[in-house]
$ cat final-v2.cif   # mmCIF, C-alpha atoms
data_data
#
loop_
_atom_site.label_atom_id
_atom_site.label_comp_id
_atom_site.auth_asym_id
_atom_site.auth_seq_id
_atom_site.Cartn_x
_atom_site.Cartn_y
_atom_site.Cartn_z
CA MET G 15 -69.31 -58.17 -63.60
CA GLU G 16 -69.58 -57.78 -59.90
CA LYS G 17 -67.55 -60.15 -57.88
CA LYS G 18 -70.22 -60.63 -55.27
CA LYS G 19 -72.49 -62.20 -57.81
CA VAL G 20 -70.36 -65.30 -58.22
CA LEU G 21 -70.43 -65.92 -54.53
CA GLU G 22 -74.19 -65.56 -54.27
CA ASP G 23 -74.86 -67.61 -57.35
CA LEU G 24 -72.62 -70.43 -56.18
CA LYS G 25 -74.19 -70.47 -52.76
CA ARG G 26 -77.68 -70.57 -54.23
CA ARG G 27 -76.89 -73.38 -56.61
CA PHE G 28 -74.72 -75.61 -54.50
CA GLN G 29 -75.87 -74.62 -51.01
CA ASP G 30 -74.51 -77.17 -48.55
CA LYS G 31 -71.70 -78.21 -50.89
CA ILE G 32 -69.93 -74.97 -50.08
CA LYS G 33 -68.64 -75.26 -46.58
CA GLU G 34 -66.84 -71.97 -46.12
CA SER G 35 -66.27 -68.83 -48.08
CA SER G 36 -64.06 -65.89 -47.37
CA VAL G 37 -62.28 -63.05 -49.09
CA GLN G 38 -58.52 -62.91 -48.95
CA PHE G 39 -56.55 -60.03 -50.50
CA GLY G 40 -59.60 -59.15 -52.58
CA ASP G 41 -60.12 -62.64 -53.99
CA GLU G 42 -62.77 -65.13 -52.96
CA VAL G 43 -61.87 -68.43 -51.43
CA PHE G 44 -64.33 -71.32 -51.31
CA VAL G 45 -63.94 -74.48 -49.34
CA ILE G 46 -66.12 -77.07 -51.02
CA ASP G 47 -67.13 -80.63 -50.60
CA LYS G 48 -64.68 -82.72 -52.63
CA ASP G 49 -67.36 -84.83 -54.34
CA SER G 50 -68.91 -81.79 -55.99
CA LEU G 51 -65.64 -80.44 -57.38
CA LEU G 52 -66.34 -81.44 -60.96
CA ASP G 53 -69.85 -79.93 -60.95
CA ILE G 54 -68.68 -76.66 -59.47
CA ALA G 55 -65.71 -76.48 -61.84
CA LYS G 56 -68.01 -77.08 -64.83
CA PHE G 57 -70.33 -74.36 -63.62
CA LEU G 58 -67.50 -71.88 -63.15
CA LYS G 59 -65.90 -72.60 -66.50
CA ALA G 60 -69.13 -72.02 -68.40
CA GLU G 61 -70.56 -68.61 -69.22
CA PRO G 62 -71.12 -66.11 -67.73
CA TYR G 63 -68.30 -66.60 -65.24
CA ALA G 64 -65.96 -68.08 -67.83
CA PHE G 65 -63.05 -69.17 -65.68
CA THR G 66 -61.26 -70.47 -68.74
CA MET G 67 -57.83 -70.57 -67.18
CA LEU G 68 -56.58 -72.94 -64.52
CA LEU G 69 -53.63 -71.00 -63.12
CA ASP G 70 -52.43 -73.60 -60.69
CA LEU G 71 -53.46 -76.66 -58.81
CA THR G 72 -51.65 -77.82 -55.75
CA CYS G 73 -51.92 -79.56 -52.43
CA VAL G 74 -51.15 -78.65 -48.84
CA ASP G 75 -50.22 -81.16 -46.17
CA ARG G 76 -51.56 -79.97 -42.82
CA LEU G 77 -50.04 -82.67 -40.69
CA GLY G 78 -51.79 -83.02 -37.35
CA GLN G 79 -55.08 -81.56 -38.55
CA GLN G 80 -58.15 -83.43 -39.61
CA PRO G 81 -58.66 -83.76 -42.50
CA ARG G 82 -54.99 -83.77 -43.30
CA PHE G 83 -54.75 -82.72 -46.95
CA GLU G 84 -56.14 -79.74 -48.76
CA MET G 85 -56.33 -79.30 -52.52
CA ALA G 86 -56.18 -75.75 -53.84
CA TYR G 87 -57.30 -74.68 -57.31
CA HIS G 88 -56.55 -71.21 -58.65
CA LEU G 89 -58.85 -70.09 -61.41
CA TYR G 90 -58.79 -66.99 -63.58
CA SER G 91 -61.35 -65.54 -65.89
CA LEU G 92 -59.74 -63.76 -68.81
CA SER G 93 -62.92 -62.05 -69.98
CA ASN G 94 -64.02 -60.89 -66.52
CA LYS G 95 -60.50 -60.37 -65.10
CA HIS G 96 -61.57 -62.29 -62.06
CA ARG G 97 -59.56 -64.52 -59.79
CA LEU G 98 -60.94 -67.32 -57.65
CA ARG G 99 -59.61 -69.98 -55.36
CA ILE G 100 -61.29 -73.29 -54.58
CA LYS G 101 -60.21 -75.55 -51.79
CA ALA G 102 -61.24 -79.10 -51.00
CA LYS G 103 -60.21 -81.02 -47.95
CA LEU G 104 -59.12 -84.64 -48.24
CA SER G 105 -58.73 -87.12 -45.44
CA GLU G 106 -55.78 -89.48 -45.37
CA LYS G 107 -58.01 -92.53 -45.58
CA ASP G 108 -59.71 -91.49 -48.81
CA LEU G 109 -57.02 -89.62 -50.67
CA SER G 110 -58.72 -89.18 -54.01
CA ILE G 111 -60.52 -86.47 -55.90
CA ASP G 112 -61.99 -86.02 -59.37
CA SER G 113 -59.58 -85.11 -62.13
CA LEU G 114 -60.08 -81.81 -63.92
CA THR G 115 -58.35 -82.91 -67.11
CA SER G 116 -61.68 -83.06 -68.90
CA LEU G 117 -62.12 -79.31 -68.37
CA TRP G 118 -58.60 -77.88 -68.41
CA LYS G 119 -55.87 -79.69 -70.34
CA ASN G 120 -53.06 -78.32 -68.19
CA ALA G 121 -54.53 -80.10 -65.18
CA ASN G 122 -52.92 -83.24 -66.58
CA TRP G 123 -49.36 -82.42 -65.59
CA LEU G 124 -50.33 -80.43 -62.51
CA GLU G 125 -52.23 -83.40 -61.15
CA ARG G 126 -49.36 -85.69 -61.96
CA GLU G 127 -47.14 -83.39 -59.90
CA VAL G 128 -49.50 -83.53 -56.93
CA PHE G 129 -49.72 -87.29 -57.31
CA ASP G 130 -45.92 -87.52 -57.35
CA MET G 131 -45.30 -85.24 -54.40
CA PHE G 132 -48.29 -85.96 -52.15
CA GLY G 133 -49.79 -89.23 -53.33
CA VAL G 134 -53.24 -87.89 -54.11
CA PHE G 135 -55.14 -90.03 -56.60
CA PHE G 136 -57.14 -88.35 -59.32
CA LYS G 137 -60.16 -90.21 -60.52
CA GLY G 138 -60.50 -90.14 -64.31
CA HIS G 139 -56.97 -88.96 -65.01
CA PRO G 140 -55.78 -90.36 -68.37
CA ASP G 141 -52.14 -91.00 -67.42
CA LEU G 142 -51.52 -90.87 -63.69
CA ARG G 143 -47.82 -91.62 -63.12
CA ARG G 144 -44.82 -89.89 -61.61
CA ILE G 145 -43.61 -86.72 -63.32
CA PHE G 146 -40.58 -85.52 -61.30
CA MET G 147 -39.22 -88.47 -59.39
CA TYR G 148 -37.90 -91.62 -61.00
CA ASP G 149 -39.31 -95.13 -61.11
CA GLY G 150 -38.59 -96.97 -57.90
CA PHE G 151 -38.76 -93.88 -55.71
CA GLU G 152 -40.67 -94.76 -52.57
CA GLY G 153 -42.90 -92.40 -50.67
CA TYR G 154 -44.09 -88.88 -51.36
CA PRO G 155 -41.34 -86.33 -50.73
CA LEU G 156 -43.41 -83.21 -50.05
CA ARG G 157 -45.44 -84.79 -47.30
CA LYS G 158 -44.50 -83.43 -43.92
CA ASP G 159 -43.76 -86.89 -42.55
CA TYR G 160 -41.24 -87.73 -45.27
CA PRO G 161 -37.86 -88.00 -43.47
CA LEU G 162 -35.81 -84.86 -44.08
CA ARG G 163 -32.52 -86.68 -44.64
CA LYS G 164 -33.87 -89.67 -46.48
CA ARG G 165 -32.03 -90.28 -49.75
CA GLN G 166 -32.95 -92.76 -52.44
CA PRO G 167 -30.09 -92.75 -54.94
CA ARG G 168 -30.82 -94.19 -58.33
CA ILE G 169 -27.32 -95.59 -58.81
CA PRO G 170 -24.91 -96.79 -56.10
CA LEU G 171 -22.87 -93.88 -54.74
CA ARG G 172 -19.08 -93.88 -54.38
CA GLU G 173 -17.34 -94.03 -50.98
CA MET U 22 25.51 -69.61 -91.23
CA LYS U 23 23.99 -72.44 -93.22
CA LYS U 24 27.21 -73.89 -94.60
CA ALA U 25 29.13 -73.66 -91.37
CA PHE U 26 26.32 -75.18 -89.47
CA PHE U 27 26.66 -78.53 -91.16
CA LYS U 28 30.40 -78.88 -90.68
CA ARG U 29 31.27 -81.85 -88.60
CA GLY U 30 31.93 -81.10 -84.93
CA GLN U 31 30.76 -77.57 -85.06
CA ALA U 32 27.07 -78.19 -85.45
CA SER U 33 26.15 -79.58 -82.08
CA LYS U 34 28.36 -77.19 -80.22
CA ARG U 35 26.96 -74.15 -81.91
CA PHE U 36 23.43 -75.43 -81.57
CA ALA U 37 23.82 -75.82 -77.82
CA MET U 38 25.41 -72.46 -77.33
CA GLU U 39 22.65 -70.63 -79.11
CA GLY U 40 20.04 -72.34 -76.96
CA ASN U 41 18.16 -73.88 -79.80
CA PHE U 42 17.10 -77.01 -77.97
CA ILE U 43 16.13 -77.94 -74.47
CA THR U 44 16.11 -81.20 -72.60
CA THR U 45 13.15 -82.47 -70.66
CA LYS U 46 11.45 -85.63 -69.55
CA PHE U 47 8.87 -87.25 -71.72
CA ASN U 48 6.43 -87.15 -68.81
CA ASP U 49 6.84 -83.39 -68.49
CA ILE U 50 6.46 -82.58 -72.14
CA LEU U 51 3.37 -84.75 -72.32
CA GLY U 52 1.91 -82.87 -69.36
CA TRP U 53 2.81 -79.57 -70.97
CA ALA U 54 1.09 -80.59 -74.19
CA ARG U 55 -1.98 -81.91 -72.44
CA LYS U 56 -2.56 -78.99 -70.14
CA TYR U 57 -2.66 -76.50 -73.00
CA SER U 58 -4.96 -78.49 -75.25
CA LEU U 59 -7.97 -79.24 -73.08
CA PHE U 60 -11.16 -79.91 -74.99
CA HIS U 61 -14.01 -79.37 -72.59
CA TYR U 62 -17.48 -80.79 -72.49
CA PRO U 63 -19.95 -78.50 -70.68
CA TYR U 64 -22.46 -80.57 -68.73
CA VAL U 65 -24.66 -77.58 -67.92
CA THR U 66 -27.78 -78.14 -65.84
CA ALA U 67 -28.46 -74.90 -63.98
CA CYS U 68 -27.81 -71.19 -63.51
CA CYS U 69 -24.01 -71.63 -63.25
CA GLY U 70 -24.24 -72.05 -67.01
CA MET U 71 -24.45 -68.27 -67.37
CA GLU U 72 -21.10 -67.89 -65.62
CA TYR U 73 -19.71 -70.69 -67.72
CA MET U 74 -20.79 -68.80 -70.83
CA SER U 75 -19.09 -65.59 -69.79
CA ALA U 76 -15.97 -67.49 -68.78
CA ALA U 77 -15.91 -69.35 -72.08
CA CYS U 78 -16.77 -66.46 -74.37
CA ALA U 79 -14.86 -63.34 -75.32
CA HIS U 80 -15.24 -61.35 -72.08
CA PHE U 81 -13.04 -63.61 -70.00
CA ASP U 82 -11.91 -65.91 -72.79
CA ILE U 83 -10.98 -69.34 -71.53
CA ASP U 84 -9.07 -69.78 -74.80
CA ARG U 85 -6.17 -67.75 -73.38
CA PHE U 86 -5.45 -70.80 -71.25
CA GLY U 87 -5.68 -73.30 -74.04
CA ALA U 88 -9.08 -74.67 -73.14
CA GLY U 89 -11.11 -72.78 -75.70
CA TRP U 90 -12.57 -75.54 -77.75
CA THR U 91 -15.94 -76.70 -76.56
CA ARG U 92 -16.89 -80.14 -77.76
CA PHE U 93 -20.49 -81.24 -77.54
CA SER U 94 -19.65 -84.91 -77.51
CA PRO U 95 -18.01 -86.49 -74.47
CA ARG U 96 -16.15 -88.83 -76.81
CA GLN U 97 -14.11 -85.92 -78.19
CA SER U 98 -13.37 -84.13 -74.93
CA ASP U 99 -11.02 -84.63 -72.01
CA MET U 100 -12.24 -82.08 -69.48
CA LEU U 101 -15.74 -82.57 -68.10
CA LEU U 102 -17.23 -79.38 -66.66
CA VAL U 103 -20.16 -80.29 -64.44
CA VAL U 104 -21.92 -76.95 -64.25
CA GLY U 105 -24.92 -76.87 -61.93
CA THR U 106 -27.17 -79.02 -59.82
CA VAL U 107 -27.17 -82.77 -60.43
CA THR U 108 -30.29 -84.56 -59.25
CA GLN U 109 -30.60 -88.20 -58.34
CA LYS U 110 -32.68 -88.63 -61.47
CA LEU U 111 -29.83 -87.28 -63.59
CA ALA U 112 -27.04 -89.21 -61.86
CA PRO U 113 -26.96 -92.18 -64.28
CA VAL U 114 -26.74 -89.75 -67.22
CA LEU U 115 -23.71 -88.00 -65.72
CA LEU U 116 -22.06 -91.34 -65.07
CA THR U 117 -22.66 -92.42 -68.67
CA VAL U 118 -21.20 -89.18 -70.00
CA TYR U 119 -18.13 -89.66 -67.82
CA GLU U 120 -17.68 -93.23 -68.95
CA GLN U 121 -17.94 -92.23 -72.60
CA MET U 122 -14.98 -89.86 -72.33
CA THR U 123 -11.66 -91.25 -73.48
CA GLU U 124 -8.55 -91.29 -71.28
CA PRO U 125 -6.92 -89.13 -70.13
CA LYS U 126 -9.82 -87.18 -68.62
CA TRP U 127 -10.36 -84.68 -65.88
CA VAL U 128 -13.51 -83.56 -64.07
CA VAL U 129 -14.25 -80.06 -62.79
CA ALA U 130 -17.06 -79.52 -60.27
CA PHE U 131 -18.25 -76.04 -61.22
CA GLY U 132 -20.22 -74.18 -58.56
CA THR U 133 -21.44 -75.05 -55.09
CA CYS U 134 -24.22 -77.37 -56.26
CA ALA U 135 -21.82 -79.63 -58.13
CA VAL U 136 -19.31 -79.44 -55.27
CA SER U 137 -21.61 -80.30 -52.39
CA GLY U 138 -25.26 -79.99 -53.36
CA GLY U 139 -25.30 -76.42 -52.08
CA ILE U 140 -28.56 -75.15 -50.66
CA TYR U 141 -30.38 -78.14 -52.09
CA ASP U 142 -29.93 -80.45 -49.14
CA ASN U 143 -33.00 -82.49 -49.95
CA TYR U 144 -34.43 -85.70 -51.33
CA ALA U 145 -33.82 -84.87 -54.96
CA VAL U 146 -30.25 -83.61 -55.26
CA VAL U 147 -26.93 -85.48 -55.24
CA GLN U 148 -24.80 -84.03 -52.43
CA GLY U 149 -21.73 -83.39 -54.55
CA ILE U 150 -20.89 -85.07 -57.84
CA ASP U 151 -17.91 -86.82 -56.21
CA GLN U 152 -20.51 -89.28 -54.97
CA ILE U 153 -20.86 -90.40 -58.59
CA ILE U 154 -17.58 -89.71 -60.40
CA PRO U 155 -14.03 -88.77 -59.31
CA VAL U 156 -13.42 -85.01 -59.30
CA ASP U 157 -10.12 -83.24 -59.92
CA ILE U 158 -10.91 -79.59 -59.22
CA TYR U 159 -13.66 -78.06 -57.11
CA ILE U 160 -14.65 -74.49 -57.99
CA PRO U 161 -16.81 -73.00 -55.21
CA GLY U 162 -19.21 -70.11 -55.58
CA CYS U 163 -22.91 -69.63 -56.18
CA PRO U 164 -22.26 -69.03 -58.98
CA PRO U 165 -18.45 -68.72 -59.17
CA ARG U 166 -17.13 -65.57 -60.79
CA PRO U 167 -15.33 -66.12 -64.10
CA GLU U 168 -12.04 -65.20 -62.42
CA THR U 169 -12.59 -68.06 -60.00
CA VAL U 170 -13.25 -70.38 -62.90
CA LEU U 171 -10.05 -69.32 -64.63
CA ASN U 172 -8.15 -69.76 -61.37
CA GLY U 173 -9.58 -73.25 -61.11
CA LEU U 174 -8.51 -73.96 -64.66
CA VAL U 175 -4.94 -72.83 -63.91
CA LYS U 176 -4.93 -75.06 -60.83
CA LEU U 177 -6.06 -77.98 -62.97
CA GLN U 178 -3.27 -77.25 -65.45
CA GLU U 179 -0.73 -77.36 -62.62
CA LYS U 180 -2.15 -80.69 -61.59
CA ILE U 181 -1.97 -82.06 -65.12
CA GLN U 182 1.64 -80.88 -65.45
CA LYS U 183 2.69 -82.58 -62.23
CA GLN U 184 0.81 -85.84 -62.51
CA GLN U 185 2.21 -89.17 -63.70
CA GLN U 186 1.14 -89.25 -67.33
CA GLU U 187 -0.31 -92.30 -68.94
CA TRP U 188 0.44 -93.05 -72.56
CA ARG U 189 -0.24 -95.89 -74.84
CA TRP U 190 3.01 -97.84 -74.88
CA LYS U 191 3.97 -97.08 -71.28
CA ARG U 192 2.68 -100.29 -69.75
CA ARG U 193 3.97 -102.46 -72.59
CA ARG U 194 7.54 -101.35 -71.98
CA SER U 195 7.58 -101.97 -68.22
#

$ encode --input "final-v2.cif" --output "structure tokens"
Amino acid sequence: MEKKKVLEDLKRRFQDKIKESSVQFGDEVFVIDKDSLLDIAKFLKAEPYAFTMLLDLTCVDRLGQQPRFEMAYHLYSLSNKHRLRIKAKLSEKDLSIDSLTSLWKNANWLEREVFDMFGVFFKGHPDLRRIFMYDGFEGYPLRKDYPLRKRQPRIPLRE
Amino acid sequence: MKKAFFKRGQASKRFAMEGNFITTKFNDILGWARKYSLFHYPYVTACCGMEYMSAACAHFDIDRFGAGWTRFSPRQSDMLLVVGTVTQKLAPVLLTVYEQMTEPKWVVAFGTCAVSGGIYDNYAVVQGIDQIIPVDIYIPGCPPRPETVLNGLVKLQEKIQKQQQEWRWKRRRS
């Protein structure tokens, strides 16, 4: 399958929902409207594109830019050997996006990680709680404005 | 020899001359016994564990120094090897393991992460396990070579030999 076809098909179907598209290192990158994430993901997972594998899902904190946060989804199609990246920008005021757990099971823990590290809320996630840090940890450590030397020990330290 | 040995007056003299007994302090002999019978508990959390394995197994053979028996329960061991990075999340677990060990007990910080946090100077990692439990020997290195580990063990044995030993009826007597 030609790679160009995905791009054209997506643009035809979702038109203004796709804000930018580019090709980086031979793979397409789409910047989409965050409200249409679930629709686009459903479309991409179905035949003929068959992006059955969610490789990774993460977040980038671009402190100082508007909008501040950017979600990045890396998809892979096993049958077409095709890689694709979707990005969605999130503003600090409305830090939520649809959960992809209904489509890819592994999104569960990946979204919990993003929730733990960046504080992004995933609508429709079955079990949204911390995965790395412990109960009582305040703040989101991978945000750029988290103090570098801030420590939150779980038990009182000696000396 | 046997008959003459038991004759009155001759026995002790002959015994001493042949060098068949030595005198020492109870504190010293207890230290000597303790330093060569260390049971260690490996609290392995990270990549230093590979160096621990080579130090403990046949290539470098920690058993030559009397610390060969690995116990997988802190209740049966007296040397705690903290091998690897300890996170804030894990800190209460390490403290519990330490508290479960019976006296006398010694702690070895194995590798740079356990010594000082190492390269992980961040929100998640304890900056040296001595912030949680008292440490007797620090073994630096990322990871330390097995020779360094054995050197650290010998240093710990010297420390055990020289320290004021505690034993059960010591306090009762004084």

$ interface_residues --input "final-v2.cif" --of "chain G" --to "chain U" --cutoff "9 Å" --atoms "all atoms listed in the file" --output "count of residues only"
17

$ resolve_selection --input "final-v2.cif" --expression "the PyMOL selection byres ((chain U and resi 133) around 12)" --output "CSV table (one decimal) with C-alpha atoms, keeping the file's coordinate frame"
chain,number,residue,atom,x,y,z
U,67,ALA,CA,-28.5,-74.9,-64.0
U,68,CYS,CA,-27.8,-71.2,-63.5
U,69,CYS,CA,-24.0,-71.6,-63.2
U,103,VAL,CA,-20.2,-80.3,-64.4
U,104,VAL,CA,-21.9,-77.0,-64.2
U,105,GLY,CA,-24.9,-76.9,-61.9
U,106,THR,CA,-27.2,-79.0,-59.8
U,107,VAL,CA,-27.2,-82.8,-60.4
U,129,VAL,CA,-14.2,-80.1,-62.8
U,130,ALA,CA,-17.1,-79.5,-60.3
U,131,PHE,CA,-18.2,-76.0,-61.2
U,132,GLY,CA,-20.2,-74.2,-58.6
U,134,CYS,CA,-24.2,-77.4,-56.3
U,135,ALA,CA,-21.8,-79.6,-58.1
U,136,VAL,CA,-19.3,-79.4,-55.3
U,137,SER,CA,-21.6,-80.3,-52.4
U,138,GLY,CA,-25.3,-80.0,-53.4
U,139,GLY,CA,-25.3,-76.4,-52.1
U,140,ILE,CA,-28.6,-75.2,-50.7
U,141,TYR,CA,-30.4,-78.1,-52.1
U,142,ASP,CA,-29.9,-80.4,-49.1
U,147,VAL,CA,-26.9,-85.5,-55.2
U,148,GLN,CA,-24.8,-84.0,-52.4
U,149,GLY,CA,-21.7,-83.4,-54.6
U,150,ILE,CA,-20.9,-85.1,-57.8
U,159,TYR,CA,-13.7,-78.1,-57.1
U,160,ILE,CA,-14.6,-74.5,-58.0
U,161,PRO,CA,-16.8,-73.0,-55.2
U,162,GLY,CA,-19.2,-70.1,-55.6
U,163,CYS,CA,-22.9,-69.6,-56.2
U,164,PRO,CA,-22.3,-69.0,-59.0
U,165,PRO,CA,-18.4,-68.7,-59.2
U,166,ARG,CA,-17.1,-65.6,-60.8

$ atom_distance --input "final-v2.cif" --atom1 "CA of Glu179 in chain U" --atom2 "CA of Phe60 in chain U"
16.4 Å

$ residues_around --input "final-v2.cif" --residues "range 78-95 of chain G" --least-positions-apart "5" --cutoff "10 Å" --atoms "only C-alpha atoms" --output "PyMOL selection string"
chain G and resi 15-17+43-45+48+55+58-59+62-73+100-107+109+111+121+128+132+134+157-158

$ write_last_selection --input "final-v2.cif" --atoms "C-alpha atoms" --output "PDB file, in the coordinates of the input"
ATOM      1  CA  MET G  15     -69.310 -58.170 -63.600  1.00  0.00           C
ATOM      2  CA  GLU G  16     -69.580 -57.780 -59.900  1.00  0.00           C
ATOM      3  CA  LYS G  17     -67.550 -60.150 -57.880  1.00  0.00           C
ATOM      4  CA  VAL G  43     -61.870 -68.430 -51.430  1.00  0.00           C
ATOM      5  CA  PHE G  44     -64.330 -71.320 -51.310  1.00  0.00           C
ATOM      6  CA  VAL G  45     -63.940 -74.480 -49.340  1.00  0.00           C
ATOM      7  CA  LYS G  48     -64.680 -82.720 -52.630  1.00  0.00           C
ATOM      8  CA  ALA G  55     -65.710 -76.480 -61.840  1.00  0.00           C
ATOM      9  CA  LEU G  58     -67.500 -71.880 -63.150  1.00  0.00           C
ATOM     10  CA  LYS G  59     -65.900 -72.600 -66.500  1.00  0.00           C
ATOM     11  CA  PRO G  62     -71.120 -66.110 -67.730  1.00  0.00           C
ATOM     12  CA  TYR G  63     -68.300 -66.600 -65.240  1.00  0.00           C
ATOM     13  CA  ALA G  64     -65.960 -68.080 -67.830  1.00  0.00           C
ATOM     14  CA  PHE G  65     -63.050 -69.170 -65.680  1.00  0.00           C
ATOM     15  CA  THR G  66     -61.260 -70.470 -68.740  1.00  0.00           C
ATOM     16  CA  MET G  67     -57.830 -70.570 -67.180  1.00  0.00           C
ATOM     17  CA  LEU G  68     -56.580 -72.940 -64.520  1.00  0.00           C
ATOM     18  CA  LEU G  69     -53.630 -71.000 -63.120  1.00  0.00           C
ATOM     19  CA  ASP G  70     -52.430 -73.600 -60.690  1.00  0.00           C
ATOM     20  CA  LEU G  71     -53.460 -76.660 -58.810  1.00  0.00           C
ATOM     21  CA  THR G  72     -51.650 -77.820 -55.750  1.00  0.00           C
ATOM     22  CA  CYS G  73     -51.920 -79.560 -52.430  1.00  0.00           C
ATOM     23  CA  ILE G 100     -61.290 -73.290 -54.580  1.00  0.00           C
ATOM     24  CA  LYS G 101     -60.210 -75.550 -51.790  1.00  0.00           C
ATOM     25  CA  ALA G 102     -61.240 -79.100 -51.000  1.00  0.00           C
ATOM     26  CA  LYS G 103     -60.210 -81.020 -47.950  1.00  0.00           C
ATOM     27  CA  LEU G 104     -59.120 -84.640 -48.240  1.00  0.00           C
ATOM     28  CA  SER G 105     -58.730 -87.120 -45.440  1.00  0.00           C
ATOM     29  CA  GLU G 106     -55.780 -89.480 -45.370  1.00  0.00           C
ATOM     30  CA  LYS G 107     -58.010 -92.530 -45.580  1.00  0.00           C
ATOM     31  CA  LEU G 109     -57.020 -89.620 -50.670  1.00  0.00           C
ATOM     32  CA  ILE G 111     -60.520 -86.470 -55.900  1.00  0.00           C
ATOM     33  CA  ALA G 121     -54.530 -80.100 -65.180  1.00  0.00           C
ATOM     34  CA  VAL G 128     -49.500 -83.530 -56.930  1.00  0.00           C
ATOM     35  CA  PHE G 132     -48.290 -85.960 -52.150  1.00  0.00           C
ATOM     36  CA  VAL G 134     -53.240 -87.890 -54.110  1.00  0.00           C
ATOM     37  CA  ARG G 157     -45.440 -84.790 -47.300  1.00  0.00           C
ATOM     38  CA  LYS G 158     -44.500 -83.430 -43.920  1.00  0.00           C
TER      39      LYS G 158
END

$ closest_residue --input "final-v2.cif" --among "U:Lys46, U:His61, U:Lys191, U:Lys183" --to "Ile83 in chain U" --atoms "only C-alpha atoms"
U:His61

$ resolve_selection --input "final-v2.cif" --expression "the PyMOL selection byres ((chain U and resi 186) around 9)" --output "CSV table (one decimal) with C-alpha atoms, in the coordinates of the input"
chain,number,residue,atom,x,y,z
U,48,ASN,CA,6.4,-87.2,-68.8
U,49,ASP,CA,6.8,-83.4,-68.5
U,51,LEU,CA,3.4,-84.8,-72.3
U,52,GLY,CA,1.9,-82.9,-69.4
U,125,PRO,CA,-6.9,-89.1,-70.1
U,181,ILE,CA,-2.0,-82.1,-65.1
U,182,GLN,CA,1.6,-80.9,-65.4
U,183,LYS,CA,2.7,-82.6,-62.2
U,184,GLN,CA,0.8,-85.8,-62.5
U,185,GLN,CA,2.2,-89.2,-63.7
U,187,GLU,CA,-0.3,-92.3,-68.9
U,188,TRP,CA,0.4,-93.0,-72.6

$ atom_distance --input "final-v2.cif" --atom1 "CA of Leu51 in chain G" --atom2 "CA of Arg143 in chain G"
21.8 Å

$ atom_distance --input "final-v2.cif" --atom1 "CA of Leu59 in chain U" --atom2 "CA of Gly89 in chain U"
7.6 Å

$ resolve_selection --input "final-v2.cif" --expression "the PyMOL selection byres ((chain U and resi 87) around 7)" --output "ChimeraX atom specification"
/U:57-59,84-86,88-89

$ residues_around --input "final-v2.cif" --residues "Glu120 in chain U" --least-positions-apart "2" --cutoff "12 Å" --atoms "all atoms listed in the file" --output "mmCIF file with C-alpha atoms, in the frame of the given file"
data_model
loop_
_atom_site.group_PDB
_atom_site.id
_atom_site.type_symbol
_atom_site.label_atom_id
_atom_site.label_comp_id
_atom_site.auth_asym_id
_atom_site.auth_seq_id
_atom_site.Cartn_x
_atom_site.Cartn_y
_atom_site.Cartn_z
ATOM 1 C CA PRO U 95 -18.010 -86.490 -74.470
ATOM 2 C CA ARG U 96 -16.150 -88.830 -76.810
ATOM 3 C CA SER U 98 -13.370 -84.130 -74.930
ATOM 4 C CA ASP U 99 -11.020 -84.630 -72.010
ATOM 5 C CA LEU U 101 -15.740 -82.570 -68.100
ATOM 6 C CA PRO U 113 -26.960 -92.180 -64.280
ATOM 7 C CA VAL U 114 -26.740 -89.750 -67.220
ATOM 8 C CA LEU U 115 -23.710 -88.000 -65.720
ATOM 9 C CA LEU U 116 -22.060 -91.340 -65.070
ATOM 10 C CA THR U 117 -22.660 -92.420 -68.670
ATOM 11 C CA VAL U 118 -21.200 -89.180 -70.000
ATOM 12 C CA MET U 122 -14.980 -89.860 -72.330
ATOM 13 C CA THR U 123 -11.660 -91.250 -73.480
ATOM 14 C CA GLU U 124 -8.550 -91.290 -71.280
ATOM 15 C CA PRO U 125 -6.920 -89.130 -70.130
ATOM 16 C CA LYS U 126 -9.820 -87.180 -68.620
ATOM 17 C CA TRP U 127 -10.360 -84.680 -65.880
ATOM 18 C CA VAL U 128 -13.510 -83.560 -64.070
ATOM 19 C CA ILE U 153 -20.860 -90.400 -58.590
ATOM 20 C CA ILE U 154 -17.580 -89.710 -60.400
ATOM 21 C CA PRO U 155 -14.030 -88.770 -59.310
#

$ residues_around --input "final-v2.cif" --residues "Glu22 in chain G" --least-positions-apart "6" --cutoff "12 Å" --atoms "all atoms listed in the file" --output "PDB file with C-alpha atoms, in the coordinates of the input"
ATOM      1  CA  GLU G  16     -69.580 -57.780 -59.900  1.00  0.00           C
ATOM      2  CA  PHE G  28     -74.720 -75.610 -54.500  1.00  0.00           C
ATOM      3  CA  GLN G  29     -75.870 -74.620 -51.010  1.00  0.00           C
ATOM      4  CA  ILE G  32     -69.930 -74.970 -50.080  1.00  0.00           C
ATOM      5  CA  SER G  35     -66.270 -68.830 -48.080  1.00  0.00           C
ATOM      6  CA  GLU G  42     -62.770 -65.130 -52.960  1.00  0.00           C
ATOM      7  CA  PHE G  44     -64.330 -71.320 -51.310  1.00  0.00           C
TER       8      PHE G  44
END
